>>> print(open('input_5.txt').read())   # compact mmCIF, C-alpha atoms and all ligand atoms
# COMPACT_ATOMS: atom_id res chain seq x y z
CA MET A 268 0.00 0.00 0.00
CA LYS A 269 1.47 3.32 -1.03
CA VAL A 270 1.37 6.08 1.59
CA LYS A 271 3.21 9.31 2.28
CA PHE A 272 5.84 9.34 5.04
CA THR A 273 7.84 12.53 5.73
CA GLY A 274 6.74 13.90 2.37
CA LYS A 275 7.96 10.88 0.36
CA GLU A 276 6.11 7.91 -1.08
CA LEU A 277 6.50 4.72 0.94
CA ASN A 278 5.32 1.32 -0.25
CA LEU A 279 4.31 -0.47 2.95
CA LYS A 280 4.67 -4.15 2.22
CA ARG A 281 6.11 -5.84 5.29
CA ILE A 282 4.54 -4.59 8.51
CA GLY A 283 6.21 -5.80 11.70
CA ILE A 284 4.25 -6.20 14.93
CA LEU A 285 5.44 -6.99 18.46
CA THR A 286 4.02 -7.17 21.98
CA GLY A 287 6.12 -5.88 24.89
CA GLY A 288 5.93 -5.89 28.70
CA GLY A 289 3.47 -7.96 30.73
CA ASP A 290 0.94 -9.90 28.65
CA CYS A 291 -2.78 -9.26 28.99
CA ALA A 292 -6.16 -9.84 27.34
CA GLY A 293 -6.67 -7.95 24.08
CA HIS A 294 -3.20 -8.24 22.51
CA ASN A 295 -4.43 -10.92 20.12
CA ALA A 296 -7.53 -8.88 19.32
CA VAL A 297 -5.39 -5.92 18.17
CA ILE A 298 -3.36 -8.25 15.95
CA VAL A 299 -6.52 -9.81 14.47
CA GLY A 300 -8.20 -6.39 14.02
CA LEU A 301 -5.21 -5.09 12.05
CA LEU A 302 -4.73 -8.28 10.03
CA ARG A 303 -8.39 -8.29 9.01
CA ARG A 304 -7.98 -4.84 7.47
CA ILE A 305 -4.67 -5.74 5.81
CA GLU A 306 -6.07 -8.89 4.17
CA GLN A 307 -9.21 -7.02 3.13
CA ALA A 308 -7.15 -4.19 1.57
CA ASN A 309 -4.95 -6.74 -0.25
CA LEU A 310 -8.00 -7.95 -2.20
CA ALA A 311 -8.07 -4.64 -4.06
CA LEU A 312 -4.35 -3.79 -4.22
CA PRO A 313 -2.02 -4.47 -7.18
CA SER A 314 0.37 -7.35 -6.43
CA ASP A 315 3.41 -5.09 -5.89
CA GLU A 316 1.56 -3.22 -3.12
CA ARG A 317 0.11 -6.13 -1.16
CA MET A 318 0.98 -6.24 2.52
CA GLU A 319 2.12 -8.92 4.96
CA LEU A 320 1.94 -8.77 8.75
CA ILE A 321 5.11 -10.17 10.29
CA GLY A 322 4.97 -11.11 13.98
CA LEU A 323 8.24 -10.33 15.83
CA LEU A 324 8.55 -12.71 18.75
CA GLU A 325 9.19 -11.80 22.42
CA GLY A 326 8.86 -8.03 22.19
CA TRP A 327 11.97 -5.89 21.72
CA LYS A 328 14.11 -8.98 22.27
CA SER A 329 13.28 -9.94 18.66
CA LEU A 330 15.16 -6.93 17.37
CA ILE A 331 18.38 -7.50 19.25
CA ARG A 332 18.75 -11.08 18.03
CA ASP A 333 20.62 -11.87 14.86
CA PRO A 334 18.17 -12.43 11.99
CA GLU A 335 20.92 -14.03 9.93
CA LYS A 336 21.39 -16.78 12.53
CA GLU A 337 18.03 -17.34 14.19
CA LEU A 338 15.27 -15.96 11.99
CA ASP A 339 12.90 -18.78 12.99
CA LYS A 340 13.08 -17.61 16.63
CA ILE A 341 12.48 -14.00 15.61
CA ILE A 342 9.61 -13.94 13.16
CA ARG A 343 6.21 -15.48 12.64
CA PRO A 344 4.43 -14.43 9.42
CA LEU A 345 0.75 -14.06 10.26
CA LYS A 346 -2.24 -15.28 8.27
CA LEU A 347 -5.79 -14.59 9.38
CA ILE A 348 -6.88 -18.15 8.74
CA ASP A 349 -4.36 -19.38 11.37
CA ILE A 350 -4.95 -16.83 14.11
CA GLU A 351 -8.45 -15.49 13.59
CA GLU A 352 -9.92 -17.01 16.74
CA SER A 353 -7.05 -16.06 19.07
CA PHE A 354 -8.76 -12.78 19.97
CA THR A 355 -10.95 -14.61 22.48
CA VAL A 356 -8.00 -15.54 24.71
CA ALA A 357 -5.64 -13.47 26.84
CA GLY A 358 -1.85 -13.61 26.57
CA THR A 359 -0.06 -12.95 23.32
CA ILE A 360 0.45 -15.26 20.37
CA LEU A 361 3.66 -13.29 19.69
CA LYS A 362 5.13 -13.88 23.17
CA SER A 363 6.50 -11.02 25.21
CA SER A 364 9.49 -9.91 27.26
CA ARG A 365 10.43 -6.98 29.44
CA THR A 366 13.40 -6.04 27.26
CA ASN A 367 14.38 -2.39 27.62
CA LEU A 368 15.96 -1.27 24.37
CA PHE A 369 16.96 2.05 25.94
CA SER A 370 18.44 0.77 29.22
CA LYS A 371 21.86 2.28 30.00
CA GLU A 372 23.48 -1.05 29.20
CA ASN A 373 21.65 -1.47 25.88
CA ILE A 374 22.42 2.10 24.83
CA GLU A 375 26.12 1.47 25.58
CA LYS A 376 25.91 -1.68 23.47
CA LYS A 377 24.24 0.40 20.70
CA MET A 378 21.18 -1.85 20.76
CA PRO A 379 18.71 0.75 19.41
CA ASN A 380 20.95 1.05 16.35
CA GLN A 381 21.21 -2.73 16.12
CA ALA A 382 17.41 -3.00 16.29
CA MET A 383 17.08 -0.61 13.37
CA GLU A 384 19.67 -2.50 11.33
CA ASN A 385 17.82 -5.74 12.01
CA LEU A 386 14.51 -4.22 10.91
CA LYS A 387 16.19 -3.27 7.63
CA LYS A 388 17.73 -6.75 7.23
CA MET A 389 14.26 -8.25 7.66
CA LYS A 390 12.88 -5.70 5.16
CA ILE A 391 10.32 -4.42 7.66
CA ASP A 392 8.79 -1.20 6.30
CA CYS A 393 6.95 -0.12 9.43
CA LEU A 394 6.51 -1.33 13.00
CA VAL A 395 3.44 -1.69 15.22
CA VAL A 396 4.22 -1.95 18.91
CA LEU A 397 1.65 -3.12 21.44
CA GLY A 398 2.44 -2.34 25.05
CA GLY A 399 2.27 -0.13 28.10
CA ASP A 400 3.99 3.22 28.59
CA ASP A 401 7.52 1.75 28.66
CA THR A 402 7.09 -0.17 25.39
CA LEU A 403 5.24 2.65 23.62
CA GLY A 404 7.79 5.19 24.87
CA ALA A 405 10.61 3.11 23.37
CA ALA A 406 8.72 2.96 20.03
CA GLY A 407 8.36 6.76 20.04
CA LYS A 408 12.08 7.26 20.68
CA LEU A 409 13.19 4.72 18.08
CA GLY A 410 10.83 6.13 15.46
CA GLN A 411 12.07 9.66 16.10
CA GLN A 412 15.78 8.86 16.26
CA TYR A 413 15.78 6.85 13.04
CA THR A 414 12.83 8.49 11.21
CA PHE A 415 11.08 5.14 11.06
CA PRO A 416 7.29 4.71 10.68
CA MET A 417 5.86 3.50 13.99
CA PHE A 418 2.46 2.82 15.51
CA GLY A 419 1.40 1.66 18.95
CA ALA A 420 -1.59 0.42 20.93
CA PRO A 421 -2.07 1.03 24.67
CA LYS A 422 -2.30 -2.17 26.70
CA THR A 423 -2.07 -2.99 30.36
CA MET A 424 -4.27 -4.56 32.95
CA ASP A 425 -3.36 -1.59 35.18
CA ASN A 426 -5.31 0.88 32.96
CA ASP A 427 -2.70 3.54 33.66
CA VAL A 428 -1.55 4.72 30.22
CA PHE A 429 -1.85 8.41 29.44
CA GLY A 430 -4.05 9.46 26.51
CA THR A 431 -6.78 6.84 26.72
CA GLU A 432 -9.76 6.36 28.98
CA MET A 433 -9.20 2.62 28.83
CA THR A 434 -6.35 0.29 27.99
CA TYR A 435 -7.15 -3.20 26.77
CA GLY A 436 -6.43 -5.86 29.37
CA PHE A 437 -8.02 -3.90 32.19
CA GLU A 438 -11.59 -5.08 31.97
CA SER A 439 -10.72 -8.78 31.77
CA SER A 440 -8.54 -8.45 34.87
CA VAL A 441 -11.41 -6.79 36.69
CA GLU A 442 -13.81 -9.59 35.68
CA GLU A 443 -11.34 -12.24 36.82
CA SER A 444 -10.71 -10.40 40.12
CA VAL A 445 -14.44 -10.15 40.79
CA HIS A 446 -14.81 -13.87 40.15
CA PHE A 447 -11.94 -14.49 42.60
CA ILE A 448 -13.50 -12.23 45.26
CA GLU A 449 -16.89 -13.93 44.89
CA ASN A 450 -15.31 -17.35 45.28
CA CYS A 451 -13.55 -16.25 48.46
CA ARG A 452 -16.75 -14.72 49.79
CA THR A 453 -18.64 -18.01 49.99
CA THR A 454 -15.87 -19.39 52.21
CA ALA A 455 -15.71 -16.15 54.20
CA GLU A 456 -19.46 -16.44 54.84
CA SER A 457 -19.34 -20.16 55.67
CA HIS A 458 -16.51 -19.78 58.18
CA ASN A 459 -17.16 -16.26 59.53
CA ARG A 460 -13.77 -15.10 58.28
CA CYS A 461 -12.17 -12.02 56.87
CA PHE A 462 -10.35 -12.40 53.55
CA VAL A 463 -7.61 -10.01 52.50
CA ILE A 464 -7.37 -10.22 48.70
CA GLU A 465 -4.52 -8.59 46.83
CA VAL A 466 -4.80 -7.59 43.18
CA MET A 467 -2.16 -6.32 40.74
CA GLY A 468 -2.20 -2.85 39.29
CA ARG A 469 1.23 -1.44 40.06
CA HIS A 470 0.84 2.15 41.35
CA ALA A 471 -2.59 2.77 39.84
CA GLY A 472 -5.52 1.36 41.78
CA TRP A 473 -8.05 0.99 38.93
CA VAL A 474 -8.26 -2.82 39.08
CA ALA A 475 -8.69 -2.83 42.87
CA LEU A 476 -11.23 -0.02 42.67
CA TRP A 477 -13.46 -1.61 40.02
CA ALA A 478 -13.06 -5.15 41.36
CA GLY A 479 -13.60 -4.04 44.96
CA ILE A 480 -16.81 -2.20 44.13
CA ALA A 481 -18.15 -4.82 41.71
CA GLY A 482 -17.22 -7.63 44.12
CA GLY A 483 -18.92 -5.83 47.02
CA ALA A 484 -15.70 -5.55 49.09
CA GLU A 485 -16.32 -4.03 52.49
CA VAL A 486 -12.94 -2.26 52.30
CA THR A 487 -10.73 -1.46 49.30
CA LEU A 488 -7.22 -0.05 49.72
CA LEU A 489 -5.62 1.88 46.88
CA PRO A 490 -2.15 3.25 46.14
CA GLU A 491 -3.72 6.68 45.64
CA GLU A 492 -5.09 6.98 49.18
CA VAL A 493 -3.63 7.52 52.63
CA VAL A 494 -4.11 4.05 54.09
CA ASN A 495 -5.00 4.26 57.76
CA LEU A 496 -5.13 0.82 59.35
CA ASP A 497 -6.95 2.01 62.47
CA GLU A 498 -9.76 3.15 60.17
CA VAL A 499 -9.62 -0.17 58.31
CA ILE A 500 -9.96 -2.04 61.60
CA LYS A 501 -13.10 -0.05 62.44
CA LYS A 502 -14.64 -0.93 59.07
CA VAL A 503 -13.74 -4.62 59.43
CA GLU A 504 -15.27 -4.72 62.92
CA LYS A 505 -18.43 -3.03 61.64
CA SER A 506 -18.73 -5.66 58.89
CA ILE A 507 -18.15 -8.52 61.29
CA ALA A 508 -20.79 -7.12 63.66
CA LYS A 509 -23.22 -6.85 60.78
CA LYS A 510 -22.60 -10.01 58.76
CA GLN A 511 -19.87 -12.04 60.49
CA HIS A 512 -17.52 -11.88 57.55
CA CYS A 513 -15.58 -9.31 55.56
CA ILE A 514 -13.62 -8.84 52.33
CA VAL A 515 -10.70 -6.41 52.18
CA VAL A 516 -9.30 -5.83 48.67
CA VAL A 517 -5.77 -4.45 48.58
CA SER A 518 -4.08 -3.07 45.50
CA GLU A 519 -0.48 -4.30 45.24
CA GLY A 520 0.74 -0.69 45.15
CA ALA A 521 -1.08 0.39 48.35
CA ARG A 522 1.37 1.51 51.02
CA LEU A 523 1.69 1.22 54.77
CA PHE A 524 4.26 3.99 54.88
CA ASP A 525 4.69 6.99 52.65
CA THR A 526 6.35 10.39 52.80
CA ARG A 527 3.00 11.98 51.83
CA TYR A 528 1.26 10.39 54.86
CA PRO A 529 0.77 12.35 58.11
CA GLU A 530 3.65 11.49 60.45
CA ALA A 531 1.21 10.06 63.03
CA VAL A 532 -0.06 7.48 60.51
CA ASN A 533 3.45 6.32 59.57
CA LYS A 534 4.34 6.11 63.26
CA ARG A 535 1.25 4.13 64.17
CA HIS A 536 1.77 1.69 61.27
CA GLN A 537 5.37 1.20 62.38
CA GLU A 538 4.16 0.29 65.90
CA MET A 539 1.64 -2.14 64.45
CA LEU A 540 4.24 -3.70 62.18
CA ASN A 541 6.71 -4.07 65.06
CA THR A 542 4.22 -6.14 67.04
CA VAL A 543 3.68 -8.39 64.02
CA ILE A 544 7.37 -8.81 63.29
CA ALA A 545 8.06 -9.69 66.94
CA ASP A 546 5.53 -12.54 66.74
CA PRO A 547 7.00 -15.84 65.38
CA LYS A 548 3.55 -16.64 63.97
CA TYR A 549 4.24 -13.98 61.32
CA ALA A 550 7.75 -15.09 60.36
CA ILE A 551 6.73 -14.81 56.69
CA VAL A 552 5.96 -11.12 57.08
CA LYS A 553 9.31 -10.59 58.81
CA ALA A 554 11.12 -12.44 56.00
CA ARG A 555 9.26 -10.44 53.36
CA HIS A 556 10.11 -7.21 55.16
CA GLU A 557 13.82 -8.05 55.20
CA MET A 558 13.98 -9.26 51.60
CA PRO A 559 15.80 -6.97 49.11
CA LYS A 560 13.40 -5.38 46.61
CA LYS A 561 13.71 -6.67 43.00
CA LYS A 562 13.42 -4.43 39.92
CA ASP A 563 12.63 -5.18 36.28
CA SER A 564 14.76 -3.93 33.38
CA PHE A 565 12.80 -0.66 33.25
CA GLY A 566 13.63 -0.02 36.91
CA ASN A 567 10.05 -0.75 38.04
CA GLU A 568 9.91 -2.27 41.51
CA GLN A 569 8.53 -5.81 41.57
CA LEU A 570 5.47 -5.48 43.78
CA GLY A 571 3.32 -8.04 45.58
CA GLY A 572 2.87 -9.03 49.19
CA ILE A 573 1.34 -5.93 50.82
CA GLY A 574 -1.71 -8.09 51.59
CA ASP A 575 0.48 -10.28 53.81
CA TYR A 576 1.28 -7.25 56.01
CA VAL A 577 -2.31 -6.03 56.04
CA MET A 578 -3.66 -9.44 57.02
CA ALA A 579 -1.09 -9.92 59.80
CA ILE A 580 -1.69 -6.46 61.26
CA LEU A 581 -5.48 -6.82 61.14
CA GLU A 582 -5.32 -10.28 62.67
CA LYS A 583 -3.06 -9.05 65.46
CA HIS A 584 -5.35 -6.15 66.26
CA THR A 585 -8.80 -7.75 65.97
CA ARG A 586 -10.30 -11.04 67.19
CA ILE A 587 -11.28 -12.44 63.83
CA GLU A 588 -9.95 -15.30 61.74
CA TYR A 589 -8.22 -14.15 58.54
CA ARG A 590 -6.99 -15.60 55.27
CA TYR A 591 -4.78 -13.85 52.72
CA GLN A 592 -5.07 -14.56 49.00
CA ASN A 593 -3.01 -12.96 46.29
CA CYS A 594 -4.71 -13.13 42.88
CA GLY A 595 -1.30 -12.66 41.26
CA HIS A 596 -1.02 -13.32 37.54
CA ALA A 597 -4.20 -15.42 37.42
CA ILE A 598 -6.27 -12.26 36.82
CA ARG A 599 -4.12 -11.24 33.85
CA GLY A 600 -4.55 -14.47 31.90
CA GLY A 601 -7.17 -16.91 30.70
CA VAL A 602 -10.06 -15.64 28.70
CA ALA A 603 -10.27 -12.23 27.00
CA HIS A 604 -13.55 -10.72 28.18
CA VAL A 605 -15.93 -8.94 25.82
CA MET A 606 -14.74 -5.36 26.44
CA ASP A 607 -11.13 -6.29 25.70
CA ARG A 608 -12.05 -8.25 22.58
CA ILE A 609 -13.94 -5.23 21.28
CA LEU A 610 -11.39 -2.64 22.38
CA GLY A 611 -8.49 -4.66 20.97
CA LEU A 612 -10.26 -5.17 17.63
CA ARG A 613 -11.09 -1.44 17.54
CA TYR A 614 -7.48 -0.45 18.21
CA GLY A 615 -6.23 -2.82 15.46
CA ASP A 616 -8.79 -1.43 13.03
CA ALA A 617 -7.83 2.15 13.96
CA ILE A 618 -4.11 1.49 13.43
CA PHE A 619 -4.88 0.49 9.85
CA ASP A 620 -6.80 3.74 9.33
CA PHE A 621 -3.81 5.72 10.69
CA MET A 622 -1.52 3.81 8.33
CA LYS A 623 -3.71 4.39 5.30
CA THR A 624 -3.88 8.13 5.91
CA GLY A 625 -0.14 8.40 6.64
CA SER A 626 -0.58 9.44 10.31
CA PHE A 627 2.60 7.90 11.68
CA GLY A 628 4.08 7.98 15.18
CA VAL A 629 0.71 7.54 16.92
CA TYR A 630 -1.31 5.11 19.02
CA PRO A 631 -5.11 5.00 19.33
CA GLY A 632 -6.66 6.33 22.52
CA LEU A 633 -10.28 6.08 23.62
CA GLU A 634 -12.06 9.35 24.40
CA ALA A 635 -15.83 9.47 24.98
CA ASP A 636 -16.17 6.25 22.95
CA LYS A 637 -14.27 7.71 19.97
CA ILE A 638 -10.81 6.67 18.80
CA VAL A 639 -8.31 9.53 18.78
CA PRO A 640 -4.66 9.46 17.60
CA ARG A 641 -2.12 10.08 20.37
CA ASN A 642 1.52 10.96 19.82
CA LEU A 643 3.92 8.15 20.82
CA LEU A 644 6.40 10.77 22.00
CA GLU A 645 3.90 12.02 24.58
CA VAL A 646 3.03 8.66 26.13
CA LYS A 647 3.57 8.27 29.85
CA GLY A 648 2.31 6.10 32.67
CA GLY A 649 0.77 7.16 35.93
CA ARG A 650 -2.88 7.67 35.01
CA PHE A 651 -3.98 7.39 38.62
CA VAL A 652 -7.40 7.23 40.29
CA PRO A 653 -8.32 10.86 41.07
CA GLN A 654 -9.58 11.32 44.60
CA ASP A 655 -12.55 13.32 43.32
CA HIS A 656 -13.65 10.40 41.10
CA GLN A 657 -17.17 9.23 41.91
CA LEU A 658 -15.92 5.64 42.37
CA PHE A 659 -13.23 6.71 44.84
CA LYS A 660 -15.80 7.65 47.47
CA MET A 661 -17.82 4.51 46.72
CA ARG A 662 -14.94 2.09 47.26
CA ASN A 663 -15.82 0.78 50.75
CA ALA A 664 -19.17 -0.99 51.15
CA ALA A 665 -18.64 -0.73 54.93
CA ASP A 666 -18.92 3.08 54.72
CA TYR A 667 -22.64 2.72 54.05
CA TYR A 668 -23.60 1.20 57.39
O1 LIG B 1 2.24 -3.97 34.37
C1 LIG B 1 1.28 -4.94 34.52
C2 LIG B 1 1.56 -5.82 35.71
O2 LIG B 1 0.62 -6.86 35.62
C3 LIG B 1 1.51 -5.12 37.06
O3 LIG B 1 0.21 -4.96 37.53
C4 LIG B 1 2.38 -6.02 37.90
O4 LIG B 1 2.96 -5.30 38.97
C5 LIG B 1 3.42 -6.48 36.93
O5 LIG B 1 2.85 -6.39 35.65
C6 LIG B 1 3.92 -7.89 37.13
O6 LIG B 1 4.93 -8.13 36.21
P1 LIG B 1 5.53 -9.56 35.85
O7 LIG B 1 4.57 -10.28 34.98
O8 LIG B 1 6.79 -9.22 35.14
O9 LIG B 1 5.74 -10.28 37.14
>>> encode(input="input_5.txt", output="structure tokens", more="lines below")
Ligand code: F6P
Amino acid sequence: MKVKFTGKELNLKRIGILTGGGDCAGHNAVIVGLLRRIEQANLALPSDERMELIGLLEGWKSLIRDPEKELDKIIRPLKLIDIEESFTVAGTILKSSRTNLFSKENIEKKMPNQAMENLKKMKIDCLVVLGGDDTLGAAGKLGQQYTFPMFGAPKTMDNDVFGTEMTYGFESSVEESVHFIENCRTTAESHNRCFVIEVMGRHAGWVALWAGIAGGAEVTLLPEEVVNLDEVIKKVEKSIAKKQHCIVVVSEGARLFDTRYPEAVNKRHQEMLNTVIADPKYAIVKARHEMPKKKDSFGNEQLGGIGDYVMAILEKHTRIEYRYQNCGHAIRGGVAHVMDRILGLRYGDAIFDFMKTGSFGVYPGLEADKIVPRNLLEVKGGRFVPQDHQLFKMRNAADYY
């Protein structure tokens, strides 16, 4: 397909596509949505303008491997007939990795340049990158530095990418979390227990917020709020008095201590934690507390485990039986729910429209149910839950009694 790129004619024939960062529901839908349009357009194009969609395997890692030595590990040419139904499942048929093309080490090794050389060797005319802010940011930089036609699509279960009201992957994770909460609730009811349930979402609490409300959680703790465990205890006790059980949903990024917290809250949480750590019954919490923090190649802290602290502190300070469950990766995988199928297909369809009209360097964002082009160079993470959001004040069912 002939289009204009930086004022010149470009015959887009081999379109590369990769998925970067954590997998999620909707990746396959974007791929299918784009491939549908490509194969449809090919029906009317002269043979020297027909397009192919070339899957690049394992995210950016595909571009720092040697295509002359291991092409079979790098590419997967895509045909609709083979992958058409993949949009109903989560994960990515192209595999993913958390490779940071622009890490200090990779810049020193001239990897961005290598990636560009490899794209040329594989005769890729333009690249579509599906990922969160880190992956999309790298696409923006690469496209700008080497004047290469790039597109993106905003994924992440966390729903925290700037420029869109919803990322694909989010809604499926919420559905799975709600299912998890409901399953725990029947046991909580049967045994008069309190369940502390942790959900992923990095530093944005959208998954916890939606899942907590939809799952009827009595308390939901978010990274965006000042967590006050004395207040949480009051809510738990109210729930127990009313219905003999309770569900506390904790976002993995919620914090016990923070510089933005009032000093008295940090101090009180420290006292509470000290009593837990001194108790051999909570040796796991002590071990977790002393463990060095791990980081991924983008420098993001590996989260998970805050629910362990919350459960131990609540158990130590109330007279109720508790269980802690971490949903972990189980809410990111499995089936792609309807919203993510639709959103992914829409994003794939929109990328083709951008391509056709020569609007390069963009990713589709959702705004009031319309698709709008967003500049890859402006992408950033950190789309947090605003404290004046209607759902923020609705997050604790226990506040209503
Ligand atoms: O970025 C999405 C996310 O699912 C976060 O919610 C979570 O903190 C992280 O990925 C987990 O990453 P990994 O799959 O590398 O353990």
>>> residues_near_ligand(input="input_5.txt", ligand="ligand LIG 1 (chain B)", cutoff="6 Å", atoms="only C-alpha atoms and all ligand atoms", output="VMD selection string")
chain A and resid 289 423 to 425 467 to 469 570
>>> closest_residue(input="input_5.txt", among="A:Asn385, A:Gln657, A:Gln592, A:Asn278", to="A:Glu319", atoms="all atoms listed in the file")
A:Asn278
>>> closest_residue(input="input_5.txt", among="A:Ile573, A:Leu540, A:Val463, A:Val494", to="A:Asp525", atoms="all atoms listed in the file")
A:Val494
>>> closest_residue(input="input_5.txt", among="A:Val503, A:Ile609, A:Val629, A:Leu330", to="A:Asp666", atoms="all atoms listed in the file")
A:Val503
>>> residues_around(input="input_5.txt", residues="A:Gly436", least_positions_apart="6", cutoff="8 Å", atoms="only C-alpha atoms", output="list of chain:residue names")
A:Cys291, A:Ala292, A:Gly293, A:His294, A:Lys422, A:Thr423, A:Met424, A:Asp425, A:Asn426, A:Arg599, A:Ala603, A:Asp607
>>> atom_distance(input="input_5.txt", atom1="atom CA of A:Glu449", atom2="atom CA of A:Cys594")
12.4 Å
>>> residues_around(input="input_5.txt", residues="A:Arg650", least_positions_apart="5", cutoff="10 Å", atoms="all atoms listed in the file", output="ChimeraX atom specification")
/A:425-432,470-473
>>> atom_distance(input="input_5.txt", atom1="atom CA of A:Thr273", atom2="atom CA of A:Ile391")
17.2 Å
>>> residues_around(input="input_5.txt", residues="A:Gly615", least_positions_apart="2", cutoff="8 Å", atoms="only C-alpha atoms", output="list in words")
Ala296, Val297, Ile298, Val299, Gly300, Leu301, Leu302, Ala420, Gly611, Leu612, Arg613, Ala617, Ile618 and Phe619 of chain A
>>> residues_near_point(input="input_5.txt", point="(-7.4, -3.8, 46.0)", cutoff="8 Å", atoms="all atoms listed in the file", output="PyMOL selection string")
chain A and resi 464-467+472+474-476+478-479+487-489+515-519+521
>>> closest_residue(input="input_5.txt", among="A:Val486, A:Met268, A:Leu368, A:Leu277", to="A:Phe565", atoms="only C-alpha atoms")
A:Leu368
>>> atom_distance(input="input_5.txt", atom1="atom CA of A:Glu443", atom2="atom CA of A:His512")
21.6 Å
>>> residues_around(input="input_5.txt", residues="stretch 547-551 of chain A", least_positions_apart="3", cutoff="12 Å", atoms="all atoms listed in the file", output="ChimeraX atom specification")
/A:540-544,554-558,572-580,582-583
>>> decode(input="input_5.txt", residues="stretch 513-540 of chain A", atoms="C-alpha atoms", output="mmCIF file, in the first residue's frame")
data_model
loop_
_atom_site.group_PDB
_atom_site.id
_atom_site.type_symbol
_atom_site.label_atom_id
_atom_site.label_comp_id
_atom_site.auth_asym_id
_atom_site.auth_seq_id
_atom_site.Cartn_x
_atom_site.Cartn_y
_atom_site.Cartn_z
ATOM 1 C CA CYS A 513 -15.577 -9.307 55.561
ATOM 2 C CA ILE A 514 -13.617 -8.836 52.326
ATOM 3 C CA VAL A 515 -10.699 -6.413 52.179
ATOM 4 C CA VAL A 516 -9.304 -5.828 48.672
ATOM 5 C CA VAL A 517 -5.768 -4.445 48.577
ATOM 6 C CA SER A 518 -4.076 -3.073 45.496
ATOM 7 C CA GLU A 519 -0.478 -4.303 45.238
ATOM 8 C CA GLY A 520 0.736 -0.691 45.154
ATOM 9 C CA ALA A 521 -1.084 0.393 48.351
ATOM 10 C CA ARG A 522 1.367 1.506 51.017
ATOM 11 C CA LEU A 523 1.688 1.219 54.774
ATOM 12 C CA PHE A 524 4.260 3.994 54.878
ATOM 13 C CA ASP A 525 4.687 6.993 52.651
ATOM 14 C CA THR A 526 6.346 10.394 52.799
ATOM 15 C CA ARG A 527 3.004 11.984 51.830
ATOM 16 C CA TYR A 528 1.262 10.390 54.862
ATOM 17 C CA PRO A 529 0.774 12.346 58.108
ATOM 18 C CA GLU A 530 3.646 11.486 60.450
ATOM 19 C CA ALA A 531 1.215 10.065 63.028
ATOM 20 C CA VAL A 532 -0.057 7.481 60.507
ATOM 21 C CA ASN A 533 3.450 6.319 59.566
ATOM 22 C CA LYS A 534 4.341 6.114 63.265
ATOM 23 C CA ARG A 535 1.246 4.134 64.171
ATOM 24 C CA HIS A 536 1.773 1.693 61.268
ATOM 25 C CA GLN A 537 5.371 1.205 62.378
ATOM 26 C CA GLU A 538 4.164 0.291 65.901
ATOM 27 C CA MET A 539 1.640 -2.138 64.452
ATOM 28 C CA LEU A 540 4.235 -3.704 62.183
#
